Every structure is written in C-alpha cells, then in structure tokens.
$ cat run_21.tsv   # TSV, C-alpha atoms
chain	number	residue	atom	x	y	z
A	926	ALA	CA	-127.93	-155.21	26.14
A	927	LEU	CA	-126.12	-151.98	25.36
A	928	VAL	CA	-122.64	-151.85	26.89
A	929	ALA	CA	-119.61	-149.59	26.57
A	930	ASN	CA	-118.25	-149.63	23.00
A	931	ASP	CA	-121.79	-149.90	21.62
A	932	LEU	CA	-123.26	-147.10	19.50
A	933	ILE	CA	-126.78	-146.79	18.07
A	934	LEU	CA	-127.71	-143.87	15.81
A	935	ASP	CA	-131.21	-143.63	14.35
A	936	GLY	CA	-131.25	-139.90	13.61
A	937	GLY	CA	-129.51	-136.61	14.22
A	938	LEU	CA	-125.85	-135.67	13.70
A	939	LEU	CA	-122.69	-137.11	15.25
A	940	MET	CA	-119.41	-135.32	14.48
A	941	ILE	CA	-115.98	-136.60	15.57
A	942	THR	CA	-113.86	-134.54	13.22
A	943	ASN	CA	-110.48	-135.29	14.83
A	944	GLY	CA	-111.10	-138.68	16.38
A	945	THR	CA	-111.81	-142.35	15.79
A	946	ILE	CA	-114.91	-144.47	16.24
A	947	TYR	CA	-113.84	-147.86	17.66
A	948	CYS	CA	-116.19	-150.83	17.43
A	949	GLY	CA	-114.24	-153.36	19.46
A	950	LEU	CA	-111.34	-151.80	21.41
A	951	THR	CA	-110.19	-153.66	24.54
A	952	HIS	CA	-113.52	-155.50	24.67
A	953	PRO	CA	-116.16	-156.33	22.00
A	954	GLY	CA	-118.28	-153.51	20.61
A	955	ALA	CA	-121.04	-152.96	18.08
A	956	MET	CA	-122.42	-150.04	16.10
A	957	THR	CA	-125.86	-149.79	14.45
A	958	MET	CA	-126.80	-146.90	12.16
A	959	SER	CA	-130.29	-146.62	10.67
A	960	ASN	CA	-130.62	-142.88	10.02
A	961	GLY	CA	-128.89	-139.56	10.54
A	962	LEU	CA	-125.37	-138.33	9.74
A	963	ILE	CA	-121.97	-139.33	11.10
A	964	PHE	CA	-118.75	-137.49	10.27
A	965	CYS	CA	-115.55	-138.96	11.71
A	966	GLN	CA	-111.84	-139.02	10.97
A	967	ASP	CA	-111.31	-142.78	11.27
A	968	ILE	CA	-113.38	-145.84	12.03
A	969	ASP	CA	-112.00	-149.19	13.21
A	970	VAL	CA	-114.35	-152.16	13.36
A	971	GLY	CA	-112.54	-154.84	15.35
A	972	GLU	CA	-109.49	-152.88	16.50
A	973	ASP	CA	-107.93	-155.49	18.78
A	974	VAL	CA	-110.93	-157.72	19.66
A	975	ASN	CA	-114.24	-158.52	17.95
A	976	GLY	CA	-116.32	-155.67	16.59
A	977	SER	CA	-119.30	-155.23	14.28
A	978	MET	CA	-121.10	-152.49	12.37
A	979	LEU	CA	-124.58	-152.64	10.83
A	980	MET	CA	-125.62	-149.80	8.54
A	981	ASN	CA	-129.13	-149.80	7.11
A	982	GLY	CA	-129.69	-146.07	6.58
A	983	GLY	CA	-128.23	-142.60	6.91
A	984	THR	CA	-124.85	-141.29	5.76
A	985	LEU	CA	-121.47	-142.16	7.28
A	986	SER	CA	-118.56	-140.03	6.09
A	987	VAL	CA	-115.01	-141.11	7.00
A	988	THR	CA	-112.48	-138.38	6.24
A	989	SER	CA	-109.36	-140.49	6.76
A	990	GLN	CA	-109.14	-144.31	7.07
A	991	MET	CA	-111.48	-147.22	7.69
A	992	SER	CA	-110.19	-150.56	8.92
A	993	VAL	CA	-112.17	-153.77	9.48
A	994	GLY	CA	-110.17	-156.34	11.48
A	995	ASP	CA	-107.24	-154.08	12.28
A	996	ARG	CA	-104.78	-155.76	14.64
A	997	PRO	CA	-103.69	-159.42	14.97
A	998	GLY	CA	-106.31	-161.43	16.87
A	999	SER	CA	-109.17	-159.10	16.00
A	1000	THR	CA	-112.27	-159.84	13.93
A	1001	GLY	CA	-114.36	-157.10	12.35
A	1002	VAL	CA	-117.67	-157.57	10.52
A	1003	VAL	CA	-119.53	-154.88	8.57
A	1004	TRP	CA	-123.00	-155.25	7.03
A	1005	ILE	CA	-124.25	-152.55	4.64
A	1006	THR	CA	-127.98	-153.08	4.07
A	1007	GLY	CA	-128.84	-149.46	3.25
A	1008	GLY	CA	-127.60	-145.91	3.50
A	1009	ASN	CA	-124.46	-144.30	2.14
A	1010	LEU	CA	-120.92	-144.98	3.36
A	1011	GLN	CA	-118.22	-142.62	2.09
A	1012	ALA	CA	-114.50	-143.09	2.70
A	1013	THR	CA	-113.00	-141.20	-0.21
A	1014	ASN	CA	-109.64	-139.98	1.07
A	1015	LEU	CA	-107.44	-142.83	2.34
A	1016	THR	CA	-107.52	-146.62	1.99
A	1017	THR	CA	-110.26	-148.84	3.42
A	1018	PHE	CA	-108.84	-152.14	4.71
A	1019	ILE	CA	-110.99	-155.26	4.92
A	1020	GLY	CA	-108.72	-157.49	7.01
A	1021	ASN	CA	-105.67	-155.44	7.92
A	1022	ASP	CA	-103.61	-157.58	10.34
A	1023	GLY	CA	-106.78	-159.21	11.69
A	1024	VAL	CA	-109.78	-160.86	10.07
A	1025	GLY	CA	-112.27	-158.58	8.33
A	1026	GLN	CA	-115.51	-159.03	6.45
A	1027	MET	CA	-117.74	-156.55	4.61
A	1028	THR	CA	-121.05	-157.52	3.05
A	1029	ILE	CA	-122.99	-155.06	0.88
A	1030	SER	CA	-126.59	-156.04	0.15
A	1031	ASN	CA	-128.13	-152.60	-0.45
A	1032	GLY	CA	-127.18	-148.95	-0.26
A	1033	SER	CA	-123.90	-147.56	-1.54
A	1034	VAL	CA	-120.25	-147.64	-0.50
A	1035	THR	CA	-117.77	-145.20	-2.06
A	1036	ALA	CA	-114.07	-145.58	-1.24
A	1037	SER	CA	-110.98	-144.10	-2.83
A	1038	ARG	CA	-109.20	-147.46	-2.50
A	1039	MET	CA	-110.29	-150.73	-0.92
A	1040	VAL	CA	-107.79	-153.46	0.01
A	1041	VAL	CA	-109.13	-156.91	0.88
A	1042	ASN	CA	-106.45	-158.45	3.14
A	1043	ASN	CA	-103.48	-156.21	3.79
A	1044	SER	CA	-101.19	-158.63	5.65
A	1045	ALA	CA	-98.92	-161.59	5.02
A	1046	LEU	CA	-99.89	-163.03	8.42
A	1047	THR	CA	-101.44	-166.46	7.94
A	1048	ALA	CA	-104.02	-165.74	10.66
A	1049	SER	CA	-105.25	-162.64	8.88
A	1050	GLY	CA	-107.78	-162.55	6.08
A	1051	GLY	CA	-110.40	-160.43	4.41
A	1052	THR	CA	-113.70	-161.10	2.66
A	1053	LEU	CA	-115.66	-158.66	0.53
A	1054	SER	CA	-119.13	-159.77	-0.55
A	1055	ILE	CA	-121.39	-157.75	-2.87
A	1056	GLN	CA	-124.95	-159.06	-2.87
A	1057	GLY	CA	-126.74	-155.88	-3.89
A	1058	GLY	CA	-126.25	-152.15	-3.77
A	1059	THR	CA	-123.25	-150.36	-5.28
A	1060	LEU	CA	-119.53	-150.31	-4.46
A	1061	THR	CA	-117.36	-147.65	-6.10
A	1062	ALA	CA	-113.63	-148.00	-5.44
A	1063	ASP	CA	-110.18	-148.86	-6.71
A	1064	LEU	CA	-110.11	-152.51	-5.64
A	1065	ILE	CA	-107.23	-154.75	-4.54
A	1066	ILE	CA	-107.83	-158.41	-3.64
A	1067	SER	CA	-104.61	-159.66	-2.06
A	1068	SER	CA	-103.29	-163.19	-1.54
A	1069	HIS	CA	-105.39	-163.98	1.56
A	1070	GLY	CA	-108.38	-161.99	0.36
A	1071	ARG	CA	-111.70	-163.43	-0.78
A	1072	PHE	CA	-114.15	-161.75	-3.14
A	1073	VAL	CA	-117.78	-162.78	-3.75
A	1074	PHE	CA	-119.93	-160.83	-6.21
A	1075	GLY	CA	-123.40	-162.29	-6.55
A	1076	GLN	CA	-125.48	-159.28	-7.59
A	1077	GLY	CA	-125.48	-155.49	-7.54
A	1078	GLN	CA	-123.01	-153.05	-9.08
A	1079	LEU	CA	-119.24	-152.63	-8.85
A	1080	VAL	CA	-117.70	-149.44	-10.29
A	1081	VAL	CA	-113.90	-149.43	-10.55
A	1082	THR	CA	-111.11	-147.33	-12.05
A	1083	ALA	CA	-108.42	-149.89	-11.20
A	1084	THR	CA	-108.54	-153.54	-10.12
A	1085	THR	CA	-105.88	-155.99	-8.93
A	1086	SER	CA	-106.85	-159.55	-7.99
A	1087	SER	CA	-103.97	-161.77	-6.88
A	1088	ASN	CA	-105.56	-164.42	-4.65
A	1089	GLY	CA	-105.27	-167.25	-7.19
A	1090	GLN	CA	-109.05	-167.44	-7.66
A	1091	PRO	CA	-111.10	-166.34	-10.70
A	1092	PHE	CA	-112.70	-162.93	-10.29
A	1093	VAL	CA	-116.36	-163.75	-10.95
A	1094	VAL	CA	-119.02	-161.16	-11.79
A	1095	GLY	CA	-122.49	-162.43	-10.85
A	1096	ASP	CA	-123.86	-165.71	-9.54
A	1097	GLY	CA	-125.44	-166.69	-12.86
A	1098	SER	CA	-129.00	-166.02	-11.69
A	1099	HIS	CA	-129.16	-162.40	-10.58
A	1100	ALA	CA	-128.25	-159.14	-12.32
A	1101	ALA	CA	-124.69	-157.99	-11.63
A	1102	THR	CA	-122.76	-155.20	-13.34
A	1103	MET	CA	-119.05	-154.39	-13.24
A	1104	LYS	CA	-118.38	-150.95	-14.73
A	1105	LEU	CA	-114.83	-150.02	-15.72
A	1106	GLN	CA	-114.06	-146.30	-15.61
A	1107	GLY	CA	-110.78	-146.51	-17.52
A	1108	GLY	CA	-107.56	-147.69	-15.88
A	1109	THR	CA	-105.95	-151.13	-15.71
A	1110	HIS	CA	-107.61	-154.25	-14.33
A	1111	ALA	CA	-105.39	-157.26	-13.62
A	1112	PHE	CA	-106.61	-160.75	-12.69
A	1113	ASP	CA	-104.03	-163.43	-11.91
A	1114	ALA	CA	-106.58	-166.27	-12.29
A	1115	GLY	CA	-108.76	-164.61	-14.87
A	1116	LEU	CA	-112.09	-162.78	-15.05
A	1117	THR	CA	-115.43	-164.54	-15.52
A	1118	VAL	CA	-118.59	-162.68	-16.53
A	1119	SER	CA	-121.45	-164.98	-15.55
A	1120	ALA	CA	-124.80	-165.44	-17.27
A	1121	ASN	CA	-127.13	-162.50	-16.48
A	1122	ALA	CA	-124.09	-160.35	-15.64
A	1123	ARG	CA	-122.62	-157.39	-17.49
A	1124	LEU	CA	-119.15	-155.93	-17.93
A	1125	THR	CA	-119.31	-152.33	-19.19
A	1126	GLY	CA	-117.09	-149.31	-19.70
A	1127	CYS	CA	-113.54	-148.93	-20.94
A	1128	GLY	CA	-109.98	-149.63	-19.83
A	1129	THR	CA	-107.37	-152.39	-20.09
A	1130	ILE	CA	-107.93	-155.94	-18.86
A	1131	ASN	CA	-104.90	-158.13	-18.14
A	1132	GLY	CA	-105.64	-161.82	-17.71
A	1133	MET	CA	-107.80	-164.53	-19.18
A	1134	VAL	CA	-111.48	-163.65	-19.71
A	1135	VAL	CA	-114.47	-165.98	-20.01
A	1136	ASN	CA	-117.73	-164.26	-20.97
A	1137	LEU	CA	-121.04	-166.01	-20.37
A	1138	GLY	CA	-123.03	-162.80	-20.11
A	1139	THR	CA	-122.78	-159.42	-21.85
A	1140	ILE	CA	-119.79	-157.15	-22.43
A	1141	THR	CA	-120.36	-153.60	-23.71
A	1142	ASN	CA	-118.07	-150.59	-23.96
A	1143	ASP	CA	-119.72	-147.21	-23.97
A	1144	CYS	CA	-116.62	-145.02	-23.68
A	1145	GLY	CA	-113.32	-144.91	-25.54
A	1146	THR	CA	-111.35	-148.15	-25.80
A	1147	LEU	CA	-111.73	-151.49	-24.03
A	1148	SER	CA	-108.63	-153.68	-24.44
A	1149	PHE	CA	-108.29	-157.39	-23.69
A	1150	ASN	CA	-104.62	-158.35	-23.34
A	1151	GLY	CA	-105.17	-162.02	-22.49
A	1152	VAL	CA	-106.96	-164.99	-23.99
A	1153	ILE	CA	-110.71	-164.43	-24.19
A	1154	THR	CA	-113.48	-166.99	-24.68
A	1155	ASN	CA	-116.81	-165.44	-25.60
A	1156	ASN	CA	-119.84	-167.65	-25.00
A	1157	GLY	CA	-122.17	-164.68	-24.59
A	1158	THR	CA	-122.51	-161.28	-26.25
A	1159	ILE	CA	-119.97	-158.51	-26.87
A	1160	VAL	CA	-121.32	-155.20	-28.18
A	1161	VAL	CA	-119.06	-152.34	-29.27
A	1162	GLY	CA	-120.70	-149.04	-28.42
A	1163	SER	CA	-121.22	-146.12	-30.77
A	1164	GLY	CA	-117.84	-144.65	-31.76
A	1165	ALA	CA	-116.05	-146.94	-29.32
A	1166	THR	CA	-113.30	-149.53	-29.87
A	1167	VAL	CA	-112.67	-153.01	-28.50
A	1168	VAL	CA	-109.14	-154.36	-28.92
A	1169	PHE	CA	-108.57	-158.13	-28.75
A	1170	ALA	CA	-104.80	-158.25	-28.23
A	1171	GLY	CA	-104.84	-161.90	-27.12
A	1172	SER	CA	-106.28	-164.98	-28.76
A	1173	LEU	CA	-110.07	-164.99	-29.11
A	1174	VAL	CA	-112.45	-167.92	-29.28
A	1175	ASN	CA	-115.93	-166.71	-30.18
A	1176	ASN	CA	-118.83	-169.06	-29.54
A	1177	GLY	CA	-121.39	-166.29	-29.16
A	1178	LEU	CA	-122.06	-162.89	-30.72
A	1179	ILE	CA	-119.65	-160.02	-31.32
A	1180	ASP	CA	-121.49	-156.96	-32.66
A	1181	ALA	CA	-119.30	-154.09	-33.88
A	1182	THR	CA	-121.96	-152.46	-36.04
A	1183	ALA	CA	-121.76	-149.14	-34.18
A	1184	GLY	CA	-118.03	-149.16	-33.37
A	1185	THR	CA	-114.71	-150.83	-34.13
A	1186	ALA	CA	-113.38	-154.27	-33.19
A	1187	LEU	CA	-109.64	-154.83	-33.66
A	1188	PHE	CA	-108.20	-158.36	-33.72
A	1189	SER	CA	-104.42	-158.45	-33.30
A	1190	SER	CA	-103.99	-162.16	-32.49
A	1191	ASN	CA	-105.60	-165.48	-33.36
A	1192	LEU	CA	-109.36	-165.58	-33.92
A	1193	VAL	CA	-111.34	-168.82	-33.80
A	1194	ASN	CA	-114.95	-168.10	-34.68
A	1195	HIS	CA	-117.72	-170.60	-34.01
A	1196	GLY	CA	-120.32	-167.89	-33.46
A	1197	THR	CA	-121.42	-164.66	-35.14
A	1198	LEU	CA	-119.42	-161.56	-36.05
A	1199	THR	CA	-121.27	-158.46	-37.27
A	1200	GLY	CA	-120.10	-154.98	-38.20

$ encode --input "run_21.tsv" --output "structure tokens"
Amino acid sequence: ALVANDLILDGGLLMITNGTIYCGLTHPGAMTMSNGLIFCQDIDVGEDVNGSMLMNGGTLSVTSQMSVGDRPGSTGVVWITGGNLQATNLTTFIGNDGVGQMTISNGSVTASRMVVNNSALTASGGTLSIQGGTLTADLIISSHGRFVFGQGQLVVTATTSSNGQPFVVGDGSHAATMKLQGGTHAFDAGLTVSANARLTGCGTINGMVVNLGTITNDCGTLSFNGVITNNGTIVVGSGATVVFAGSLVNNGLIDATAGTALFSSNLVNHGTLTG
C-alpha cells in the first residue's frame, strides 16, 4: 500500500529545485520511477530509517548530493534497472553513516564522485554492485566498502580502492569493461581483470595487476607501477604507449605492433611478445 514517504512516477515532470527527496525520513519510505523527469537538489535514500528507490526508466537529475544510508541506524537500497541517473555536481555516498547499497543492472548512472562507505563507524557500510548498464564516476571504495562488478561497463577518471579486497573486473563469464579516462587508479589489494573482461583506456595504475582477460590502451599512455602477471592479452593501440614500471610475468600475449611497450623492470616471458 502507498503511504506517506512513498513516491511513484511513471511519467511527467517533477521539479524540486531547492529541496530534498527523502525516501525514509522518520518512518520507512520507497520511491519507484519508471518514466518521466525528476529534477531535485538532493536525494536521501534511507535518511534515518529504512528507505528504497527503484529506477527502471526516465531521467533523474540531482543537482547537489545523493546519499544512500545517510545517518547511523539507517539502511538505504537503490536498484537501477533502467533509465538515466545523473548526479554530476557533488559526491554520491553509498553508505554514509548508515548502511547503503546500490545495484546497477541496466541503464546508466553518471556521478562526479562516488564514495562507497564514508564512515569509520563499525555499524556503517556500503555496497556497490554493477551487473549491467554503465557507471561513470570517480570511484572511492573505502575500508568498510564492498564492490562487486560482474558485468556491464565502468568508466572512471580516478579510482581508489582501500578495503583490503582485490578489485575484480568481471565474473569470468559475462562481458565487463573498465575504461580508464586518464588519472590515477590505486588498488591496495590489487586489480584483477577476469576472463571475458576488458581493461581499456589510459592512465596510471598503482598496485598489483593480474590479467586473465584483455587489456588495451587506445589513448596516450597506460602505466603499470606495480607487479603485473599477464595470463591473457595486452594490446598496445595505434600510436599509444604501455609502460611496465614494475616486474612483469608474461604467460599470454603482449602485442605492441601498433604502438610502444616500455619495460623498465624485470621481465619474465613464458608467452608471446610481438612488435
């Protein structure tokens, strides 16, 4: 049944240019969006109690901040199964001082900066799951944050993962792509590119890398500053450069026919080098 704090939008236009949409303030609330347009300043899913948001169509534009699981004791859950969510000005928090979860299975989410777990409180936590669709954001996975990337596309200009868990691209069965748009990408427990997954673009990667899929750079320079084990394929794009600043163990294929591969540390080759 529909109660106060519930919102359903399946068409039309809703504008709250100087206010906040609360899904779960004082008592539980839910929001469902399947079509139409929403423009709001802020949106809090699970402000101080439980709240949820399901988006399967339409466009939601947040001009300021989005928070999922905002205050201590709250739980916020967001499902993106379609549509277009835009929060391109301030930070989007998945688990601020509460518990937050966002799952993207279709559609697109564009955020200027997304922080998964923004609190040192032991009762807080955040989970970001990409199982389809596209997420474009600067991404921070903090100590109590959890990141699951099974399939779909992740586009990032900066990444920090410090939860002590490997940052894994793909589930090994489905297509998953992580595209680097320059910047620095740091992984405290390393980066794993699974079978059937791709890492593309350019930038600097700090941390151990294990490649079981395909790595390509199609812009400028892609630098690996940590130890890398290649069990898949690495292709240097036309006119591009890949720098292996850390030790490299190659058990697969590294193809630099169209570009330049620079090795500035130890190279152990059990595979194929071309170019």

$ residues_around --input "run_21.tsv" --residues "Arg1123 (chain A)" --least-positions-apart "5" --cutoff "8 Å" --atoms "all atoms listed in the file" --output "JSON, numbers by chain"
{"A": [1094, 1100, 1101, 1102, 1103, 1118, 1138, 1139, 1140, 1141]}

$ closest_residue --input "run_21.tsv" --among "A:Val1040, A:Ile946, A:Ile1065, A:Ala1186" --to "Ala1170 (chain A)" --atoms "only C-alpha atoms"
A:Ala1186

$ residues_around --input "run_21.tsv" --residues "Gln1090 (chain A)" --least-positions-apart "5" --cutoff "9 Å" --atoms "all atoms listed in the file" --output "list in words"
Arg1071, Phe1072, Phe1112, Asp1113, Ala1114 and Gly1115 of chain A

$ atom_distance --input "run_21.tsv" --atom1 "CA of Met1039 (chain A)" --atom2 "CA of Gly1126 (chain A)"
20.0 Å

$ atom_distance --input "run_21.tsv" --atom1 "CA of Leu939 (chain A)" --atom2 "CA of Thr1017 (chain A)"
20.8 Å

$ closest_residue --input "run_21.tsv" --among "A:Gly1032, A:Gly949, A:Pro997, A:Gly1107" --to "Asp969 (chain A)" --atoms "all atoms listed in the file"
A:Gly949

$ residues_around --input "run_21.tsv" --residues "Gly936 (chain A)" --least-positions-apart "2" --cutoff "10 Å" --atoms "only C-alpha atoms" --output "PyMOL selection string"
chain A and resi 933-934+938-939+958-963+982-983

$ atom_distance --input "run_21.tsv" --atom1 "CA of Met1027 (chain A)" --atom2 "CA of Thr1052 (chain A)"
6.4 Å

$ residues_around --input "run_21.tsv" --residues "Met940 (chain A)" --least-positions-apart "3" --cutoff "10 Å" --atoms "only C-alpha atoms" --output "count of residues only"
8

$ closest_residue --input "run_21.tsv" --among "A:Ile1130, A:Leu1079, A:Leu1046, A:Leu1053" --to "Thr1109 (chain A)" --atoms "all atoms listed in the file"
A:Ile1130

$ residues_around --input "run_21.tsv" --residues "Asn1194 (chain A)" --least-positions-apart "4" --cutoff "8 Å" --atoms "all atoms listed in the file" --output "JSON, numbers by chain"
{"A": [1174, 1175, 1176]}

$ closest_residue --input "run_21.tsv" --among "A:Asp1180, A:Asp1096, A:Asp1063, A:Glu972" --to "Gly1075 (chain A)" --atoms "only C-alpha atoms"
A:Asp1096

$ residues_near_point --input "run_21.tsv" --point "(-108.8, -159.0, 11.1)" --cutoff "8 Å" --atoms "all atoms listed in the file" --output "PyMOL selection string"
chain A and resi 971+993-1001+1019-1025+1049-1051

$ closest_residue --input "run_21.tsv" --among "A:Ser989, A:Thr1082, A:Thr951, A:Thr1117" --to "Asp973 (chain A)" --atoms "only C-alpha atoms"
A:Thr951

$ closest_residue --input "run_21.tsv" --among "A:Ser1030, A:Thr1199, A:Thr1085, A:Asn1191" --to "Val1160 (chain A)" --atoms "all atoms listed in the file"
A:Thr1199
